[in-house]
Structures are given as structure tokens and as C-alpha cells.
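The next block is entry-v8.pdb, given as PDB, C-alpha atoms.
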ATOM      1  CA  MET A   1     -81.174  41.248  21.421  1.00  0.00           C
ATOM      2  CA  ASN A   2     -84.162  38.971  21.118  1.00  0.00           C
ATOM      3  CA  THR A   3     -87.410  40.928  20.907  1.00  0.00           C
ATOM      4  CA  ARG A   4     -89.799  38.006  21.225  1.00  0.00           C
ATOM      5  CA  ASP A   5     -92.132  38.422  24.174  1.00  0.00           C
ATOM      6  CA  ASP A   6     -92.483  35.868  26.945  1.00  0.00           C
ATOM      7  CA  ARG A   7     -95.749  34.431  25.658  1.00  0.00           C
ATOM      8  CA  GLN A   8     -94.287  33.766  22.237  1.00  0.00           C
ATOM      9  CA  LEU A   9     -91.256  32.107  23.818  1.00  0.00           C
ATOM     10  CA  VAL A  10     -93.487  29.908  26.006  1.00  0.00           C
ATOM     11  CA  LEU A  11     -95.419  28.781  22.931  1.00  0.00           C
ATOM     12  CA  GLU A  12     -92.135  27.955  21.209  1.00  0.00           C
ATOM     13  CA  CYS A  13     -90.979  26.065  24.313  1.00  0.00           C
ATOM     14  CA  ARG A  14     -94.194  24.059  24.278  1.00  0.00           C
ATOM     15  CA  ARG A  15     -93.360  23.079  20.695  1.00  0.00           C
ATOM     16  CA  GLY A  16     -90.001  21.826  21.941  1.00  0.00           C
ATOM     17  CA  GLU A  17     -87.790  24.553  20.491  1.00  0.00           C
ATOM     18  CA  GLU A  18     -84.600  24.392  22.566  1.00  0.00           C
ATOM     19  CA  TYR A  19     -83.485  27.904  21.636  1.00  0.00           C
ATOM     20  CA  ALA A  20     -86.669  29.345  23.149  1.00  0.00           C
ATOM     21  CA  TYR A  21     -85.911  27.619  26.458  1.00  0.00           C
ATOM     22  CA  ARG A  22     -82.441  29.162  26.517  1.00  0.00           C
ATOM     23  CA  VAL A  23     -83.726  32.647  25.692  1.00  0.00           C
ATOM     24  CA  LEU A  24     -86.536  32.483  28.252  1.00  0.00           C
ATOM     25  CA  LEU A  25     -84.320  31.220  31.079  1.00  0.00           C
ATOM     26  CA  SER A  26     -81.488  33.616  30.301  1.00  0.00           C
ATOM     27  CA  ARG A  27     -83.997  36.486  30.378  1.00  0.00           C
ATOM     28  CA  TYR A  28     -84.982  35.625  33.965  1.00  0.00           C
ATOM     29  CA  GLU A  29     -81.946  33.850  35.441  1.00  0.00           C
ATOM     30  CA  GLY A  30     -80.771  36.979  37.286  1.00  0.00           C
ATOM     31  CA  TYR A  31     -84.205  37.563  38.776  1.00  0.00           C
ATOM     32  CA  ILE A  32     -84.554  33.895  39.759  1.00  0.00           C
ATOM     33  CA  TYR A  33     -81.162  33.882  41.465  1.00  0.00           C
ATOM     34  CA  SER A  34     -81.813  37.229  43.173  1.00  0.00           C
ATOM     35  CA  LEU A  35     -85.129  36.067  44.578  1.00  0.00           C
ATOM     36  CA  SER A  36     -83.584  32.738  45.578  1.00  0.00           C
ATOM     37  CA  PHE A  37     -80.792  34.539  47.388  1.00  0.00           C
ATOM     38  CA  ARG A  38     -83.231  36.801  49.219  1.00  0.00           C
ATOM     39  CA  LEU A  39     -85.176  33.755  50.356  1.00  0.00           C
ATOM     40  CA  THR A  40     -82.169  31.713  51.491  1.00  0.00           C
ATOM     41  CA  GLY A  41     -79.523  34.306  52.322  1.00  0.00           C
ATOM     42  CA  GLN A  42     -76.732  31.930  51.319  1.00  0.00           C
ATOM     43  CA  ARG A  43     -75.003  31.818  47.935  1.00  0.00           C
ATOM     44  CA  GLU A  44     -74.804  28.032  47.740  1.00  0.00           C
ATOM     45  CA  ASP A  45     -78.419  27.571  48.812  1.00  0.00           C
ATOM     46  CA  ALA A  46     -79.519  30.254  46.363  1.00  0.00           C
ATOM     47  CA  LEU A  47     -77.738  28.516  43.498  1.00  0.00           C
ATOM     48  CA  GLU A  48     -79.336  25.203  44.431  1.00  0.00           C
ATOM     49  CA  LEU A  49     -82.772  26.774  44.800  1.00  0.00           C
ATOM     50  CA  ALA A  50     -82.445  28.695  41.529  1.00  0.00           C
ATOM     51  CA  GLN A  51     -81.490  25.513  39.687  1.00  0.00           C
ATOM     52  CA  GLU A  52     -84.406  23.626  41.221  1.00  0.00           C
ATOM     53  CA  ALA A  53     -86.793  26.479  40.376  1.00  0.00           C
ATOM     54  CA  MET A  54     -85.573  26.681  36.761  1.00  0.00           C
ATOM     55  CA  LEU A  55     -86.192  22.986  36.352  1.00  0.00           C
ATOM     56  CA  LYS A  56     -89.726  23.396  37.699  1.00  0.00           C
ATOM     57  CA  ILE A  57     -90.304  26.367  35.404  1.00  0.00           C
ATOM     58  CA  VAL A  58     -89.193  24.431  32.351  1.00  0.00           C
ATOM     59  CA  THR A  59     -91.187  21.326  33.229  1.00  0.00           C
ATOM     60  CA  GLY A  60     -94.215  23.338  34.301  1.00  0.00           C
ATOM     61  CA  LEU A  61     -94.624  25.589  31.275  1.00  0.00           C
ATOM     62  CA  ASP A  62     -97.700  23.624  30.227  1.00  0.00           C
ATOM     63  CA  SER A  63     -99.457  24.818  33.396  1.00  0.00           C
ATOM     64  CA  TYR A  64     -98.755  28.481  32.606  1.00  0.00           C
ATOM     65  CA  GLN A  65    -101.901  30.243  31.352  1.00  0.00           C
ATOM     66  CA  ILE A  66    -100.763  31.972  28.187  1.00  0.00           C
ATOM     67  CA  ASN A  67    -103.214  34.863  28.553  1.00  0.00           C
ATOM     68  CA  ARG A  68    -101.703  35.951  31.887  1.00  0.00           C
ATOM     69  CA  PRO A  69     -98.431  37.807  32.562  1.00  0.00           C
ATOM     70  CA  PHE A  70     -95.456  35.465  32.741  1.00  0.00           C
ATOM     71  CA  LYS A  71     -93.334  37.047  35.480  1.00  0.00           C
ATOM     72  CA  PRO A  72     -95.905  36.644  38.307  1.00  0.00           C
ATOM     73  CA  TRP A  73     -96.294  32.967  37.365  1.00  0.00           C
ATOM     74  CA  LEU A  74     -92.507  32.552  37.366  1.00  0.00           C
ATOM     75  CA  ARG A  75     -92.234  34.345  40.722  1.00  0.00           C
ATOM     76  CA  GLN A  76     -94.833  32.019  42.218  1.00  0.00           C
ATOM     77  CA  VAL A  77     -92.934  28.959  41.002  1.00  0.00           C
ATOM     78  CA  VAL A  78     -89.697  30.289  42.527  1.00  0.00           C
ATOM     79  CA  ILE A  79     -91.353  31.179  45.825  1.00  0.00           C
ATOM     80  CA  ASN A  80     -93.214  27.870  46.095  1.00  0.00           C
ATOM     81  CA  THR A  81     -89.994  26.042  45.328  1.00  0.00           C
ATOM     82  CA  GLY A  82     -88.254  28.256  47.901  1.00  0.00           C
ATOM     83  CA  ILE A  83     -90.815  27.477  50.583  1.00  0.00           C
ATOM     84  CA  ASN A  84     -90.328  23.759  50.029  1.00  0.00           C
ATOM     85  CA  PHE A  85     -86.566  24.226  49.954  1.00  0.00           C
ATOM     86  CA  LEU A  86     -86.593  26.157  53.243  1.00  0.00           C
ATOM     87  CA  ARG A  87     -88.726  23.498  54.881  1.00  0.00           C
ATOM     88  CA  ARG A  88     -86.024  20.966  54.042  1.00  0.00           C
ATOM     89  CA  GLN A  89     -83.257  23.202  55.369  1.00  0.00           C
ATOM     90  CA  SER A  90     -82.470  24.474  58.810  1.00  0.00           C
ATOM     91  CA  PRO A  91     -83.313  28.150  59.273  1.00  0.00           C
ATOM     92  CA  GLY A  92     -80.755  30.329  57.567  1.00  0.00           C
ATOM     93  CA  ILE A  93     -79.990  33.972  57.054  1.00  0.00           C
ATOM     94  CA  LEU A  94     -82.272  36.136  54.964  1.00  0.00           C
ATOM     95  CA  SER A  95     -80.527  38.911  53.107  1.00  0.00           C
ATOM     96  CA  LEU A  96     -82.333  42.160  52.489  1.00  0.00           C
ATOM     97  CA  ASP A  97     -80.054  43.282  49.698  1.00  0.00           C
ATOM     98  CA  GLN A  98     -79.520  42.533  46.055  1.00  0.00           C
ATOM     99  CA  GLU A  99     -76.008  42.889  44.690  1.00  0.00           C
ATOM    100  CA  ILE A 100     -75.877  45.089  41.635  1.00  0.00           C
ATOM    101  CA  ASP A 101     -72.181  45.848  41.118  1.00  0.00           C
ATOM    102  CA  ASN A 102     -68.884  44.821  42.738  1.00  0.00           C
ATOM    103  CA  GLY A 103     -70.340  44.136  46.158  1.00  0.00           C
ATOM    104  CA  LEU A 104     -72.508  47.247  46.134  1.00  0.00           C
ATOM    105  CA  THR A 105     -76.223  46.819  46.569  1.00  0.00           C
ATOM    106  CA  LEU A 106     -79.199  48.811  45.450  1.00  0.00           C
ATOM    107  CA  GLY A 107     -79.610  49.911  49.063  1.00  0.00           C
ATOM    108  CA  ASP A 108     -76.022  51.143  49.164  1.00  0.00           C
ATOM    109  CA  ASN A 109     -76.616  53.290  46.120  1.00  0.00           C
ATOM    110  CA  LEU A 110     -79.896  54.673  47.431  1.00  0.00           C
ATOM    111  CA  ALA A 111     -78.470  55.458  50.861  1.00  0.00           C
ATOM    112  CA  ALA A 112     -75.319  57.093  49.556  1.00  0.00           C
ATOM    113  CA  ASP A 113     -76.507  59.680  47.063  1.00  0.00           C
ATOM    114  CA  ASP A 114     -72.995  61.047  47.020  1.00  0.00           C
ATOM    115  CA  ARG A 115     -70.708  58.134  46.204  1.00  0.00           C
ATOM    116  CA  GLY A 116     -67.806  60.352  47.185  1.00  0.00           C
ATOM    117  CA  ASN A 117     -68.908  60.357  50.821  1.00  0.00           C
ATOM    118  CA  PRO A 118     -67.151  57.365  52.433  1.00  0.00           C
ATOM    119  CA  GLN A 119     -68.596  58.102  55.888  1.00  0.00           C
ATOM    120  CA  LEU A 120     -72.169  57.900  54.591  1.00  0.00           C
ATOM    121  CA  ARG A 121     -71.362  54.688  52.727  1.00  0.00           C
ATOM    122  CA  MET A 122     -69.784  53.123  55.838  1.00  0.00           C
ATOM    123  CA  GLU A 123     -72.785  54.111  57.969  1.00  0.00           C
ATOM    124  CA  TRP A 124     -75.113  52.483  55.467  1.00  0.00           C
ATOM    125  CA  LEU A 125     -73.027  49.305  55.295  1.00  0.00           C
ATOM    126  CA  GLU A 126     -73.025  49.124  59.101  1.00  0.00           C
ATOM    127  CA  THR A 127     -76.794  49.629  59.254  1.00  0.00           C
ATOM    128  CA  ARG A 128     -77.383  46.977  56.610  1.00  0.00           C
ATOM    129  CA  LYS A 129     -75.179  44.492  58.463  1.00  0.00           C
ATOM    130  CA  MET A 130     -77.054  45.110  61.732  1.00  0.00           C
ATOM    131  CA  LEU A 131     -80.390  44.653  59.984  1.00  0.00           C
ATOM    132  CA  GLU A 132     -79.245  41.400  58.401  1.00  0.00           C
ATOM    133  CA  MET A 133     -78.078  40.134  61.793  1.00  0.00           C
ATOM    134  CA  ALA A 134     -81.422  41.088  63.318  1.00  0.00           C
ATOM    135  CA  MET A 135     -83.197  39.247  60.493  1.00  0.00           C
ATOM    136  CA  GLN A 136     -81.256  36.087  61.394  1.00  0.00           C
ATOM    137  CA  GLY A 137     -83.088  36.022  64.704  1.00  0.00           C
ATOM    138  CA  LEU A 138     -86.515  36.014  63.088  1.00  0.00           C
ATOM    139  CA  PRO A 139     -88.471  32.814  62.494  1.00  0.00           C
ATOM    140  CA  ARG A 140     -88.360  31.588  58.908  1.00  0.00           C
ATOM    141  CA  GLU A 141     -92.041  32.452  58.305  1.00  0.00           C
ATOM    142  CA  TYR A 142     -91.501  36.047  59.397  1.00  0.00           C
ATOM    143  CA  ARG A 143     -88.498  36.452  57.097  1.00  0.00           C
ATOM    144  CA  LEU A 144     -90.501  35.034  54.204  1.00  0.00           C
ATOM    145  CA  VAL A 145     -93.454  37.425  54.561  1.00  0.00           C
ATOM    146  CA  LEU A 146     -91.082  40.386  55.080  1.00  0.00           C
ATOM    147  CA  THR A 147     -89.256  39.520  51.868  1.00  0.00           C
ATOM    148  CA  LEU A 148     -92.449  39.094  49.887  1.00  0.00           C
ATOM    149  CA  ARG A 149     -93.969  42.307  51.210  1.00  0.00           C
ATOM    150  CA  HIS A 150     -91.009  44.662  51.254  1.00  0.00           C
ATOM    151  CA  GLN A 151     -88.776  43.337  48.497  1.00  0.00           C
ATOM    152  CA  GLU A 152     -91.246  41.815  46.083  1.00  0.00           C
ATOM    153  CA  GLY A 153     -93.942  44.405  46.795  1.00  0.00           C
ATOM    154  CA  LEU A 154     -96.741  41.864  47.102  1.00  0.00           C
ATOM    155  CA  SER A 155    -100.024  42.732  48.768  1.00  0.00           C
ATOM    156  CA  TYR A 156    -101.220  40.937  51.880  1.00  0.00           C
ATOM    157  CA  GLN A 157    -103.692  38.947  49.779  1.00  0.00           C
ATOM    158  CA  GLU A 158    -101.031  37.976  47.235  1.00  0.00           C
ATOM    159  CA  ILE A 159     -98.741  36.760  50.023  1.00  0.00           C
ATOM    160  CA  ALA A 160    -101.582  34.810  51.636  1.00  0.00           C
ATOM    161  CA  ASP A 161    -102.506  33.164  48.343  1.00  0.00           C
ATOM    162  CA  LEU A 162     -98.892  32.434  47.482  1.00  0.00           C
ATOM    163  CA  ILE A 163     -97.904  30.681  50.697  1.00  0.00           C
ATOM    164  CA  GLY A 164    -101.311  29.319  51.607  1.00  0.00           C
ATOM    165  CA  ILE A 165    -102.079  31.106  54.860  1.00  0.00           C
ATOM    166  CA  PRO A 166    -104.914  33.472  55.820  1.00  0.00           C
ATOM    167  CA  VAL A 167    -104.476  37.225  55.266  1.00  0.00           C
ATOM    168  CA  GLY A 168    -104.783  37.772  59.017  1.00  0.00           C
ATOM    169  CA  THR A 169    -101.822  35.475  59.590  1.00  0.00           C
ATOM    170  CA  VAL A 170     -99.775  37.426  57.032  1.00  0.00           C
ATOM    171  CA  LYS A 171    -100.555  40.660  58.890  1.00  0.00           C
ATOM    172  CA  THR A 172     -99.726  39.039  62.226  1.00  0.00           C
ATOM    173  CA  TYR A 173     -96.390  37.696  60.956  1.00  0.00           C
ATOM    174  CA  LEU A 174     -95.490  41.110  59.528  1.00  0.00           C
ATOM    175  CA  PHE A 175     -96.470  42.896  62.735  1.00  0.00           C
ATOM    176  CA  ARG A 176     -94.483  40.477  64.881  1.00  0.00           C
ATOM    177  CA  ALA A 177     -91.478  40.558  62.554  1.00  0.00           C
ATOM    178  CA  ARG A 178     -91.380  44.350  62.477  1.00  0.00           C
ATOM    179  CA  ASN A 179     -91.837  44.489  66.230  1.00  0.00           C
ATOM    180  CA  LYS A 180     -89.004  42.018  66.826  1.00  0.00           C
ATOM    181  CA  LEU A 181     -86.751  44.037  64.508  1.00  0.00           C
ATOM    182  CA  ARG A 182     -87.710  47.254  66.295  1.00  0.00           C
ATOM    183  CA  VAL A 183     -86.896  45.726  69.707  1.00  0.00           C
ATOM    184  CA  THR A 184     -83.652  44.195  68.468  1.00  0.00           C
ATOM    185  CA  LEU A 185     -82.478  47.427  66.856  1.00  0.00           C
ATOM    186  CA  SER A 186     -83.773  49.789  69.571  1.00  0.00           C
ATOM    187  CA  ASP A 187     -80.572  49.580  71.591  1.00  0.00           C
ATOM    188  CA  VAL A 188     -78.458  50.398  68.561  1.00  0.00           C
ATOM    189  CA  TYR A 189     -80.515  53.367  67.398  1.00  0.00           C
ATOM    190  CA  GLY A 190     -81.967  54.525  70.711  1.00  0.00           C
ATOM    191  CA  TRP A 191     -85.538  53.879  69.647  1.00  0.00           C
ATOM    192  CA  GLU A 192     -88.278  53.181  72.132  1.00  0.00           C
ATOM    193  CA  ALA A 193     -89.158  49.510  71.966  1.00  0.00           C
TER     194      ALA A 193
END

Encoded form (C-alpha cells):
Amino acid sequence: MNTRDDRQLVLECRRGEEYAYRVLLSRYEGYIYSLSFRLTGQREDALELAQEAMLKIVTGLDSYQINRPFKPWLRQVVINTGINFLRRQSPGILSLDQEIDNGLTLGDNLAADDRGNPQLRMEWLETRKMLEMAMQGLPREYRLVLTLRHQEGLSYQEIADLIGIPVGTVKTYLFRARNKLRVTLSDVYGWEA
């Protein structure tokens, strides 16, 4: 395994060392695809977005500030590329899960502590499917801020800076998105809307 850190690899990339490009991209290709998939919700779109983002990462390494952490810079490139990609596309599905093994997601594993309990697993799969369907009904902007907040763990300010909207708008989008999901899912779960 290559033990060179990201900064060292970026410096090598800037010197034109092809091997460093391969190592750096292979280190993050799973993350880039995963984030791309969460933004688009479609495998083909995610592959296209990931490829476009990788190209921008490679060509934009000169703009990366070497004294700062690499992954947040990479994430911003992917998200900015994703925003532009989504603007060119019709609204699609946003997936809230990340596949980790043979069709199972991290959420599946967290929800089903006992993998031997098929009823619990089926309930979780059903819940996830309903949530994904409810997400389809949300405006693209709402899905984007939900993904950035709840899957990427970004703060309101980070989301605002990343997509170029005021913090108040981020909070409003999140409130409206959560409210729409609550209303949509209230019939299924018997919640008060």
C-alpha cells in the first residue's frame, strides 16, 4: 500500500508524475462515485458525474492550496461539478444510501443489528424504499441540501458557501424538505403532519 500522503501526491502530480495521478485518484474514486451517486441517484448519471469530477480534479490541482486538507477541496470540486451537472439534467432521484456490500447499504447494517433477523431487514428495506420515493418528490435544491447536511455532515455555513446561497436559505430549504418528507410519510407511519 502506498503511504504517501495526499499533499505529497499533489506535489508529484504538479510535477507531472503520472503514477501520482493514478494513486491519488484510486484513493478517492470510491468516495467520488459514492458522492456522485448520492447527488444524482442514478448509476449512469453518477458514473458520468464522477468522470467529469475526476477530470476537474486532475486539471484543477494547481488551484488546490497545499497547506489545507485535500478531501474537503476534492468534495467541493465534486459537489460544484454535481450542481452544474444537475442543472443540465432533469430532476432525478436522490438516493440516501451508499452500497457497501452485495446490495446491502450502511443503513441496512445499522438498522439490522442482528443480520439473522430477516423481518427486521425487510422492514428496513421497505422504510428505505419509501424514503427514497418521498425524496423523489422533493425539489432538486432540497435534495441537495439534505444530502450535504445529513450524509456529508456539513454545517449550514459550509453548505451555504459551497452552493452559493445564504445560510438562511439553507435553513429554509432544510426545514421545507424535512416538512415535506414528514407530510409525505405521515400516512405510512401514522405521524401527525

So what do you get for atom CA of A:Glu12 versus atom CA of A:Leu35, distance-wise?
->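 Pair atom CA of A:Glu12 / atom CA of A:Leu35 returns 25.7 Å.
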
Nearest candidate to A:Asn67 (options A:Thr169, A:Gln8, A:Gln151, A:Thr81; using only C-alpha atoms) = A:Gln8

Build an axis-aligned box that encloses every atom of stretch 6-19 of chain A listed in the file, pad it by 4 Å on each side, and report its centre and edge lengths in Å to one decimal, as AutoDock Vina command-line options.
--center_x -89.6 --center_y 28.8 --center_z 23.7 --size_x 20.3 --size_y 22.0 --size_z 14.5

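Nearest residue to A:Met133, choosing from A:Arg88, A:Gly41, A:Gln65, A:Gly153 and counting all atoms listed in the file: A:Gly41.
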
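Here the question is which of A:Val145, A:Leu55, A:Ala177, A:Leu138 gets nearest to A:Leu162 using only C-alpha atoms, and that residue is A:Val145.
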
For the file shown, what are the residues hit by the PyMOL selection byres ((chain A and resi 56) around 12), laid out as a ChimeraX atom specification?
-> /A:25,32,49-55,57-64,73-82

Neighbour list for A:Cys13 as a list of chain:residue names, cut-off 10 Å, only C-alpha atoms, skip fewer than 6 positions in-chain = A:Arg7, A:Tyr19, A:Ala20, A:Tyr21, A:Arg22, A:Val23, A:Leu24, A:Val58, A:Leu61, A:Asp62

Atomic separation - atom CA of A:Gln136 relative to atom CA of A:Asn84, Å |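 Between atom CA of A:Asn84 and atom CA of A:Gln136 the gap works out to 19.1 Å.
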
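We find atom CA of A:Ser34 and atom CA of A:Leu86 to be spaced 15.7 Å apart.
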
Kindly resolve the PyMOL selection byres ((chain A and resi 158) around 12) on the present coordinates and return the residues as a PDB file with C-alpha atoms, in the coordinates of the input.
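Saved as expr_25.pdb:
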ATOM      1  CA  PRO A  72     -95.905  36.644  38.307  1.00  0.00           C
ATOM      2  CA  ARG A  75     -92.234  34.345  40.722  1.00  0.00           C
ATOM      3  CA  GLN A  76     -94.833  32.019  42.218  1.00  0.00           C
ATOM      4  CA  ILE A  79     -91.353  31.179  45.825  1.00  0.00           C
ATOM      5  CA  VAL A 145     -93.454  37.425  54.561  1.00  0.00           C
ATOM      6  CA  LEU A 148     -92.449  39.094  49.887  1.00  0.00           C
ATOM      7  CA  ARG A 149     -93.969  42.307  51.210  1.00  0.00           C
ATOM      8  CA  GLU A 152     -91.246  41.815  46.083  1.00  0.00           C
ATOM      9  CA  GLY A 153     -93.942  44.405  46.795  1.00  0.00           C
ATOM     10  CA  LEU A 154     -96.741  41.864  47.102  1.00  0.00           C
ATOM     11  CA  SER A 155    -100.024  42.732  48.768  1.00  0.00           C
ATOM     12  CA  TYR A 156    -101.220  40.937  51.880  1.00  0.00           C
ATOM     13  CA  GLN A 157    -103.692  38.947  49.779  1.00  0.00           C
ATOM     14  CA  ILE A 159     -98.741  36.760  50.023  1.00  0.00           C
ATOM     15  CA  ALA A 160    -101.582  34.810  51.636  1.00  0.00           C
ATOM     16  CA  ASP A 161    -102.506  33.164  48.343  1.00  0.00           C
ATOM     17  CA  LEU A 162     -98.892  32.434  47.482  1.00  0.00           C
ATOM     18  CA  ILE A 163     -97.904  30.681  50.697  1.00  0.00           C
ATOM     19  CA  GLY A 164    -101.311  29.319  51.607  1.00  0.00           C
ATOM     20  CA  ILE A 165    -102.079  31.106  54.860  1.00  0.00           C
ATOM     21  CA  PRO A 166    -104.914  33.472  55.820  1.00  0.00           C
ATOM     22  CA  VAL A 167    -104.476  37.225  55.266  1.00  0.00           C
ATOM     23  CA  VAL A 170     -99.775  37.426  57.032  1.00  0.00           C
ATOM     24  CA  LYS A 171    -100.555  40.660  58.890  1.00  0.00           C
TER      25      LYS A 171
END

Identify, on the basis of all atoms listed in the file, every residue whose closest approach to A:Tyr33 does not exceed 7 Å; exclude the query and any residue fewer than 3 positions from it along the same chain; express the result as a ChimeraX atom specification.
-> /A:29-30,36-37,46-47,50

For C-alpha atoms, I'd like the residues from the last selection saved as an mmCIF file, keeping the file's coordinate frame.
data_model
loop_
_atom_site.group_PDB
_atom_site.id
_atom_site.type_symbol
_atom_site.label_atom_id
_atom_site.label_comp_id
_atom_site.auth_asym_id
_atom_site.auth_seq_id
_atom_site.Cartn_x
_atom_site.Cartn_y
_atom_site.Cartn_z
ATOM 1 C CA GLU A 29 -81.946 33.850 35.441
ATOM 2 C CA GLY A 30 -80.771 36.979 37.286
ATOM 3 C CA SER A 36 -83.584 32.738 45.578
ATOM 4 C CA PHE A 37 -80.792 34.539 47.388
ATOM 5 C CA ALA A 46 -79.519 30.254 46.363
ATOM 6 C CA LEU A 47 -77.738 28.516 43.498
ATOM 7 C CA ALA A 50 -82.445 28.695 41.529
#

Nearest to A:Thr40, chosen from A:Ser26, A:Thr147, A:Ser186, A:Thr127, with all atoms listed in the file counted in the distances |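 Of A:Ser26, A:Thr147, A:Ser186, A:Thr127, the one nearest A:Thr40, counting all atoms listed in the file, is A:Thr147.
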